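Participant: Sharing a structure with you now.
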Amino acid sequence: MSHPRLQIQDLRLRYGSRQVLNDLHWEIAAAQLIALIGPNGSGKTSLLRSVAGSLPVQHGSILIDGHAAGSESARHALGYAISVEVPPAELSLSDCIPIVGTSARCGGSGCTNAGTGGSLWFGEWWHTPVEACSLGTRQKLSVLLALLGAPRLIVLDESLNGLDPASARHLKRHLRERVDSDGSSVILATHGLSATERDVDRVALLLDGQIAHQWMQSELCSARERGESLEDLVADRMEALPNTA
């Protein structure tokens with residue numbers, strides 16, 4: 001039986017008196033690159049942490065390839081970019097690969113391949129302690145750790161932040177190749193609307209704890225032909241909703 005790559009039903013999340021996610025429904029098929037957008041405080045990080053299993057599901061369900069988020073099977077299918085502050089500061093970038101790899105999806109060969117690619121991407125910083133690296137370098141490390149092995153669902157939370165233009169382009173091309181070549185699905189949460197709208201299959205807007213609207217790439221292309229950007233589409237959608245002014 002074939003399952004959606006990600007299936008979320010009736011998801012609710014509350015912090016004290018604040019309802020962050022409200023009966024959220026969302027489904028992602030295999031081989032899709034999705035941009036998740038929304039204003040600050042809209043709940044993007046909370047949603048992705050719930051998908052990763054680091055926030056318990058209070059109500060509803062999250063399934064990754066049919067397995068409950070946080071279960072061993074779901075973790076095995078997931079590549080999640082951890083916060084840039086998480087890797088131990090005293091470790092070098094190269095030291096992080098085997099440590100994370102032992103609990104991730106890859107065996108020795110997968111980690112070796114990742115290490116080879118990492119040394120090319122990081123250059124002279126490859127053997128530098130994490131604490132001595134720039135935000136952009138730590139961000140690239142976080143992404144590399146998420147890509148270890150062959151995760152079927154890759155979740156990146158603002159992973160373009162801090163990257164120089166060449167590194168951002170390299171990452172987007174690599175994600176596109178993963179989606180097209182092996183059927184991986186990617187969720188890329190971002191505020192950089194113009195930086196992603198041409199690279200994704202779909203853009204999902206999170207507002208008021210729900211997926212308020214989604215645009216397929218064909219709709220984005222049509223908008224560009226009319227002289228409208230994704231920023232215009234999002235602004236129009238937000239202005240049309242009550243209580244968003």
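In the structure tokens, chains take the letters A, B, ... in the order shown, each chain's residues start at 1, and ligands count up from 1 in the order shown.
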I'd like the neighbourhood of A:Cys133 as a short mmCIF file (atom, residue, chain, number, x, y, z; two decimals) with C-alpha atoms, in the first residue's frame, where a residue qualifies if any of its atoms comes within 12 Å (using only C-alpha atoms), though same-chain residues fewer than 2 positions away should be ignored.

Facilitator:
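And here is the file that came out, part21.cif:
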data_model
loop_
_atom_site.label_atom_id
_atom_site.label_comp_id
_atom_site.auth_asym_id
_atom_site.auth_seq_id
_atom_site.Cartn_x
_atom_site.Cartn_y
_atom_site.Cartn_z
CA VAL A 84 23.17 25.64 14.15
CA GLU A 85 23.77 25.93 17.92
CA PRO A 87 26.61 20.59 17.39
CA ALA A 89 31.32 23.66 19.87
CA GLU A 90 34.63 21.88 20.39
CA LEU A 91 34.10 19.31 17.61
CA SER A 92 35.42 19.94 14.13
CA LEU A 93 33.00 19.87 11.22
CA PHE A 122 33.70 23.43 3.37
CA GLU A 124 39.78 24.72 4.63
CA TRP A 125 37.07 24.89 7.34
CA TRP A 126 36.49 21.12 7.24
CA HIS A 127 38.74 20.44 10.25
CA THR A 128 37.89 23.65 12.14
CA PRO A 129 36.03 23.53 15.50
CA VAL A 130 32.35 24.41 15.18
CA GLU A 131 32.72 27.31 17.63
CA LEU A 135 26.91 31.31 10.86
CA GLY A 136 26.90 30.34 7.19
CA THR A 137 29.44 27.54 7.71
CA ARG A 138 27.49 26.15 10.66
CA GLN A 139 24.33 26.38 8.59
CA LYS A 140 25.94 24.30 5.85
CA LEU A 141 26.99 21.73 8.46
CA GLY A 162 23.44 32.97 6.34
#

Participant: Set the distance at 10 Å and use only C-alpha atoms: which residues neighbour A:Ala223 once local chain neighbours fewer than 6 positions away are removed? I'd like the list as a JSON list (two decimals) with N, CA and C atoms, in the first residue's frame.

Facilitator:
[["chain", "number", "residue", "atom", "x", "y", "z"],
["A", 217, "GLN", "N", 3.62, 25.32, -9.03],
["A", 217, "GLN", "CA", 4.59, 26.02, -9.86],
["A", 217, "GLN", "C", 3.93, 26.61, -11.11],
["A", 229, "SER", "N", 4.87, 38.85, -8.54],
["A", 229, "SER", "CA", 5.81, 37.99, -7.84],
["A", 229, "SER", "C", 5.08, 37.17, -6.79],
["A", 230, "LEU", "N", 5.78, 36.20, -6.21],
["A", 230, "LEU", "CA", 5.21, 35.43, -5.10],
["A", 230, "LEU", "C", 4.88, 36.36, -3.94],
["A", 232, "ASP", "N", 3.79, 39.34, -4.13],
["A", 232, "ASP", "CA", 2.49, 39.94, -4.44],
["A", 232, "ASP", "C", 1.35, 38.97, -4.13],
["A", 233, "LEU", "N", 1.52, 37.71, -4.52],
["A", 233, "LEU", "CA", 0.47, 36.72, -4.29],
["A", 233, "LEU", "C", 0.22, 36.52, -2.80]]

Participant: Within 12 Å of A:Ser73, counting only C-alpha atoms, which residues show up once you throw out same-chain ones fewer than 4 positions away? Write them as a ChimeraX atom specification, please.

Facilitator: /A:52-53,63-69,77-78,104-105,151-152

Participant: Deliver the residues from the most recent selection as a file, using C-alpha atoms, as a PDB file, in the first residue's frame.

Facilitator:
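After the write, result34.pdb holds the following:
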ATOM      1  CA  ALA A  52      10.616  15.728  13.354  1.00  0.00           C
ATOM      2  CA  GLY A  53       9.191  14.266  16.558  1.00  0.00           C
ATOM      3  CA  LEU A  63       2.629  10.162   9.535  1.00  0.00           C
ATOM      4  CA  ILE A  64       5.872   9.881   7.546  1.00  0.00           C
ATOM      5  CA  ASP A  65       5.573   7.107   4.966  1.00  0.00           C
ATOM      6  CA  GLY A  66       2.759   5.745   7.119  1.00  0.00           C
ATOM      7  CA  HIS A  67       4.760   5.802  10.382  1.00  0.00           C
ATOM      8  CA  ALA A  68       3.962   8.037  13.350  1.00  0.00           C
ATOM      9  CA  ALA A  69       6.279  11.019  13.762  1.00  0.00           C
ATOM     10  CA  ALA A  77      12.978   8.166   6.914  1.00  0.00           C
ATOM     11  CA  LEU A  78      13.624  11.737   8.034  1.00  0.00           C
ATOM     12  CA  ALA A 104      21.120   8.427  11.380  1.00  0.00           C
ATOM     13  CA  ARG A 105      20.203   6.530   8.230  1.00  0.00           C
ATOM     14  CA  PRO A 151      16.254  10.310   3.948  1.00  0.00           C
ATOM     15  CA  ARG A 152      12.956  10.150   2.094  1.00  0.00           C
TER      16      ARG A 152
END

Participant: Pull the helix (DSSP H, G or I) assignments for stretch 29-218 of chain A out of DSSP run on the backbone, and list those residues as a tab-separated table (two decimals) with N, CA and C atoms, in the first residue's frame.

Facilitator:
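In the end it all went to part39.tsv:
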chain	number	residue	atom	x	y	z
A	44	LYS	N	5.80	28.01	11.87
A	44	LYS	CA	6.55	27.15	10.94
A	44	LYS	C	7.51	26.23	11.70
A	45	THR	N	8.31	26.80	12.59
A	45	THR	CA	9.27	25.98	13.32
A	45	THR	C	8.57	24.96	14.21
A	46	SER	N	7.49	25.35	14.85
A	46	SER	CA	6.74	24.41	15.69
A	46	SER	C	6.19	23.26	14.85
A	47	LEU	N	5.70	23.58	13.66
A	47	LEU	CA	5.19	22.54	12.77
A	47	LEU	C	6.29	21.57	12.38
A	48	LEU	N	7.44	22.10	11.99
A	48	LEU	CA	8.53	21.24	11.55
A	48	LEU	C	9.11	20.42	12.71
A	49	ARG	N	9.17	21.01	13.90
A	49	ARG	CA	9.63	20.25	15.06
A	49	ARG	C	8.65	19.12	15.39
A	50	SER	N	7.38	19.35	15.17
A	50	SER	CA	6.39	18.29	15.37
A	50	SER	C	6.59	17.17	14.36
A	51	VAL	N	6.85	17.53	13.11
A	51	VAL	CA	7.12	16.53	12.08
A	51	VAL	C	8.36	15.72	12.44
A	52	ALA	N	9.37	16.40	12.99
A	52	ALA	CA	10.62	15.73	13.35
A	52	ALA	C	10.48	14.88	14.61
A	72	GLU	N	10.71	5.09	15.51
A	72	GLU	CA	12.00	4.73	14.92
A	72	GLU	C	11.93	4.69	13.40
A	73	SER	N	10.84	4.16	12.86
A	73	SER	CA	10.68	4.08	11.41
A	73	SER	C	10.60	5.47	10.79
A	74	ALA	N	9.88	6.39	11.46
A	74	ALA	CA	9.77	7.75	10.95
A	74	ALA	C	11.11	8.47	11.02
A	75	ARG	N	11.84	8.29	12.11
A	75	ARG	CA	13.16	8.93	12.24
A	75	ARG	C	14.12	8.43	11.18
A	76	HIS	N	14.00	7.15	10.84
A	76	HIS	CA	14.87	6.57	9.83
A	76	HIS	C	14.59	7.18	8.45
A	77	ALA	N	13.36	7.60	8.21
A	77	ALA	CA	12.98	8.17	6.91
A	77	ALA	C	13.23	9.66	6.83
A	93	LEU	N	34.10	20.20	12.12
A	93	LEU	CA	33.00	19.87	11.22
A	93	LEU	C	33.06	18.40	10.81
A	94	SER	N	34.26	17.92	10.49
A	94	SER	CA	34.40	16.53	10.06
A	94	SER	C	34.09	15.54	11.18
A	95	ASP	N	34.34	15.92	12.44
A	95	ASP	CA	34.05	15.04	13.58
A	95	ASP	C	32.55	14.77	13.72
A	96	CYS	N	31.71	15.74	13.30
A	96	CYS	CA	30.27	15.61	13.48
A	96	CYS	C	29.66	14.52	12.61
A	97	ILE	N	30.31	14.22	11.47
A	97	ILE	CA	29.74	13.27	10.51
A	97	ILE	C	29.59	11.87	11.10
A	98	PRO	N	30.65	11.22	11.60
A	98	PRO	CA	30.47	9.86	12.13
A	98	PRO	C	29.61	9.82	13.39
A	99	ILE	N	29.64	10.88	14.19
A	99	ILE	CA	28.83	10.90	15.41
A	99	ILE	C	27.35	10.91	15.08
A	100	VAL	N	26.95	11.80	14.18
A	100	VAL	CA	25.54	11.85	13.78
A	100	VAL	C	25.20	10.64	12.93
A	101	GLY	N	26.14	10.19	12.12
A	101	GLY	CA	25.87	9.08	11.22
A	101	GLY	C	25.54	7.79	11.92
A	108	GLY	N	28.59	3.15	7.21
A	108	GLY	CA	29.91	3.72	7.03
A	108	GLY	C	30.13	4.34	5.66
A	109	SER	N	29.68	3.65	4.58
A	109	SER	CA	29.91	4.16	3.24
A	109	SER	C	29.16	5.45	3.00
A	110	GLY	N	27.92	5.53	3.52
A	110	GLY	CA	27.14	6.75	3.35
A	110	GLY	C	27.80	7.93	4.02
A	111	CYS	N	28.36	7.71	5.20
A	111	CYS	CA	29.03	8.79	5.91
A	111	CYS	C	30.34	9.16	5.23
A	112	THR	N	31.02	8.16	4.66
A	112	THR	CA	32.26	8.46	3.93
A	112	THR	C	31.97	9.34	2.74
A	113	ASN	N	30.91	9.01	1.99
A	113	ASN	CA	30.54	9.83	0.83
A	113	ASN	C	30.17	11.24	1.26
A	114	ALA	N	29.44	11.34	2.36
A	114	ALA	CA	29.05	12.65	2.86
A	114	ALA	C	30.29	13.44	3.27
A	115	GLY	N	31.23	12.73	3.91
A	115	GLY	CA	32.46	13.41	4.33
A	115	GLY	C	33.26	13.92	3.15
A	116	THR	N	33.33	13.12	2.08
A	116	THR	CA	34.07	13.54	0.89
A	116	THR	C	33.43	14.79	0.29
A	117	GLY	N	32.09	14.75	0.14
A	117	GLY	CA	31.40	15.91	-0.39
A	117	GLY	C	31.52	17.11	0.53
A	118	GLY	N	31.50	16.85	1.85
A	118	GLY	CA	31.59	17.94	2.81
A	118	GLY	C	32.93	18.64	2.75
A	119	SER	N	34.00	17.86	2.58
A	119	SER	CA	35.32	18.48	2.53
A	119	SER	C	35.45	19.40	1.33
A	120	LEU	N	34.76	19.05	0.24
A	120	LEU	CA	34.78	19.92	-0.94
A	120	LEU	C	33.97	21.18	-0.69
A	121	TRP	N	32.81	21.04	-0.02
A	121	TRP	CA	31.94	22.18	0.21
A	121	TRP	C	32.54	23.14	1.24
A	122	PHE	N	33.20	22.60	2.27
A	122	PHE	CA	33.70	23.43	3.37
A	122	PHE	C	35.15	23.87	3.18
A	123	GLY	N	35.88	23.19	2.29
A	123	GLY	CA	37.25	23.60	2.02
A	123	GLY	C	38.11	23.57	3.28
A	124	GLU	N	38.82	24.66	3.52
A	124	GLU	CA	39.78	24.72	4.63
A	124	GLU	C	39.12	24.70	6.00
A	125	TRP	N	37.78	24.89	6.05
A	125	TRP	CA	37.07	24.89	7.34
A	125	TRP	C	36.72	23.47	7.80
A	130	VAL	N	33.62	23.77	15.49
A	130	VAL	CA	32.35	24.41	15.18
A	130	VAL	C	32.29	25.83	15.75
A	131	GLU	N	32.81	26.01	16.97
A	131	GLU	CA	32.72	27.31	17.63
A	131	GLU	C	33.47	28.41	16.88
A	132	ALA	N	34.42	28.04	16.03
A	132	ALA	CA	35.21	29.03	15.29
A	132	ALA	C	34.63	29.34	13.91
A	135	LEU	N	28.30	31.77	10.91
A	135	LEU	CA	26.91	31.31	10.86
A	135	LEU	C	26.66	30.52	9.58
A	136	GLY	N	27.13	31.03	8.45
A	136	GLY	CA	26.90	30.34	7.19
A	136	GLY	C	27.54	28.97	7.15
A	137	THR	N	28.75	28.84	7.69
A	137	THR	CA	29.44	27.54	7.71
A	137	THR	C	28.70	26.56	8.61
A	138	ARG	N	28.26	27.03	9.77
A	138	ARG	CA	27.49	26.15	10.66
A	138	ARG	C	26.15	25.76	10.03
A	139	GLN	N	25.59	26.69	9.27
A	139	GLN	CA	24.33	26.38	8.59
A	139	GLN	C	24.55	25.28	7.56
A	140	LYS	N	25.65	25.34	6.83
A	140	LYS	CA	25.94	24.30	5.85
A	140	LYS	C	26.17	22.95	6.54
A	141	LEU	N	26.81	22.97	7.70
A	141	LEU	CA	26.99	21.73	8.46
A	141	LEU	C	25.65	21.13	8.84
A	142	SER	N	24.74	21.97	9.31
A	142	SER	CA	23.41	21.50	9.70
A	142	SER	C	22.70	20.83	8.53
A	143	VAL	N	22.82	21.43	7.34
A	143	VAL	CA	22.19	20.86	6.15
A	143	VAL	C	22.84	19.53	5.79
A	144	LEU	N	24.18	19.48	5.82
A	144	LEU	CA	24.88	18.25	5.48
A	144	LEU	C	24.47	17.11	6.40
A	145	LEU	N	24.33	17.38	7.68
A	145	LEU	CA	23.91	16.34	8.63
A	145	LEU	C	22.51	15.85	8.31
A	146	ALA	N	21.64	16.75	7.85
A	146	ALA	CA	20.27	16.35	7.50
A	146	ALA	C	20.25	15.46	6.27
A	165	PRO	N	25.46	33.54	-1.80
A	165	PRO	CA	24.68	33.20	-2.99
A	165	PRO	C	25.11	31.91	-3.67
A	166	ALA	N	26.42	31.67	-3.76
A	166	ALA	CA	26.89	30.45	-4.43
A	166	ALA	C	26.47	29.21	-3.65
A	167	SER	N	26.59	29.24	-2.32
A	167	SER	CA	26.21	28.09	-1.50
A	167	SER	C	24.71	27.87	-1.54
A	168	ALA	N	23.93	28.96	-1.52
A	168	ALA	CA	22.47	28.83	-1.60
A	168	ALA	C	22.06	28.19	-2.93
A	169	ARG	N	22.70	28.61	-4.01
A	169	ARG	CA	22.39	28.03	-5.32
A	169	ARG	C	22.78	26.56	-5.37
A	170	HIS	N	23.93	26.23	-4.80
A	170	HIS	CA	24.38	24.84	-4.75
A	170	HIS	C	23.38	23.98	-3.98
A	171	LEU	N	22.90	24.48	-2.84
A	171	LEU	CA	21.96	23.72	-2.03
A	171	LEU	C	20.66	23.50	-2.78
A	172	LYS	N	20.12	24.54	-3.39
A	172	LYS	CA	18.84	24.40	-4.10
A	172	LYS	C	18.97	23.43	-5.27
A	173	ARG	N	20.09	23.47	-5.97
A	173	ARG	CA	20.30	22.53	-7.07
A	173	ARG	C	20.40	21.10	-6.56
A	174	HIS	N	21.10	20.93	-5.43
A	174	HIS	CA	21.25	19.59	-4.87
A	174	HIS	C	19.89	19.04	-4.43
A	175	LEU	N	19.09	19.87	-3.78
A	175	LEU	CA	17.76	19.42	-3.35
A	175	LEU	C	16.90	19.03	-4.54
A	176	ARG	N	16.98	19.83	-5.60
A	176	ARG	CA	16.22	19.53	-6.81
A	176	ARG	C	16.64	18.19	-7.40
A	177	GLU	N	17.95	17.94	-7.39
A	177	GLU	CA	18.46	16.67	-7.91
A	177	GLU	C	17.99	15.49	-7.06
A	178	ARG	N	17.97	15.67	-5.73
A	178	ARG	CA	17.52	14.59	-4.85
A	178	ARG	C	16.06	14.27	-5.13
A	179	VAL	N	15.25	15.30	-5.29
A	179	VAL	CA	13.82	15.09	-5.55
A	179	VAL	C	13.62	14.38	-6.87
A	180	ASP	N	14.33	14.83	-7.90
A	180	ASP	CA	14.11	14.29	-9.25
A	180	ASP	C	14.74	12.92	-9.44
A	181	SER	N	15.85	12.63	-8.74
A	181	SER	CA	16.57	11.38	-9.00
A	181	SER	C	16.09	10.22	-8.14
A	182	ASP	N	15.80	10.47	-6.85
A	182	ASP	CA	15.45	9.33	-5.98
A	182	ASP	C	14.10	9.46	-5.31
A	193	LEU	N	11.31	34.65	-0.31
A	193	LEU	CA	10.33	34.27	-1.33
A	193	LEU	C	10.94	34.26	-2.72
A	194	SER	N	11.61	35.33	-3.09
A	194	SER	CA	12.16	35.42	-4.44
A	194	SER	C	13.27	34.41	-4.67
A	195	ALA	N	13.91	33.95	-3.60
A	195	ALA	CA	15.04	33.03	-3.73
A	195	ALA	C	14.60	31.60	-3.99
A	196	THR	N	13.32	31.29	-3.78
A	196	THR	CA	12.88	29.90	-3.88
A	196	THR	C	11.76	29.67	-4.88
A	217	GLN	N	3.62	25.32	-9.03
A	217	GLN	CA	4.59	26.02	-9.86
A	217	GLN	C	3.93	26.61	-11.11
A	218	SER	N	2.94	25.92	-11.67
A	218	SER	CA	2.25	26.45	-12.84
A	218	SER	C	1.56	27.78	-12.54

Participant: Interatomic distance between atom CA of A:Arg18 and atom CA of A:Arg237?

Facilitator: 23.5 Å

Participant: Could you state the separation of atom CA of A:His59 and atom CA of A:Leu13 in Å, given to one decimal place?

Facilitator: 7.2 Å

Participant: For the atom pair atom CA of A:Leu163 and atom CA of A:Glu231, what is the interatomic distance in Å to one decimal place?

Facilitator: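 Going from atom CA of A:Leu163 over to atom CA of A:Glu231 covers 21.1 Å.
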
Participant: Taking only C-alpha atoms into account, which of A:Gly209, A:Gly183, A:Gly70, A:Pro56 comes nearest A:Gly41?

Facilitator: A:Gly209

Participant: When DSSP is applied to the backbone of this structure, which of stretch 136-221 of chain A are assigned strand (DSSP E or B)? Write them out as a list in words.

Facilitator: Leu153, Ile154, Val155, Leu156, Asp157, Ser185, Val186, Ile187, Leu188, Ala189, Arg202, Val203, Ala204, Leu205, Leu206, Leu207, Gln210, Ile211, Ala212, His213, Gln214, Trp215 and Met216 of chain A

Participant: Neighbouring residues of A:Asp157 were defined as those with any atom within 7 Å, considering only C-alpha atoms; residues of the same chain fewer than 4 positions away were excluded. Please report them as JSON, numbers by chain.

Facilitator: {"A": [45, 81, 188, 189, 190]}

Participant: Write the residues of the preceding selection, restricted to C-alpha atoms, as a PDB file, in the first residue's frame.

Facilitator:
ATOM      1  CA  THR A  45       9.272  25.978  13.323  1.00  0.00           C
ATOM      2  CA  ALA A  81      18.394  20.148   9.856  1.00  0.00           C
ATOM      3  CA  LEU A 188      12.115  24.152   2.960  1.00  0.00           C
ATOM      4  CA  ALA A 189      10.823  26.764   5.408  1.00  0.00           C
ATOM      5  CA  THR A 190      11.984  30.183   4.310  1.00  0.00           C
TER       6      THR A 190
END

Participant: Taking into account only C-alpha atoms, which residue in the set A:Ile37, A:Met216, A:Leu148, A:Leu156 is nearest to A:Ala235?

Facilitator: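 When distances to A:Ala235 are compared using only C-alpha atoms, the smallest one comes from A:Ile37.
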
Participant: So that I can check the surroundings of A:Arg202, please list as a ChimeraX atom specification every protein, DNA and RNA residue that reaches within 7 Å of it, counting only C-alpha atoms and ignoring chain neighbours fewer than 5 positions away.

Facilitator: /A:33-35,214-217
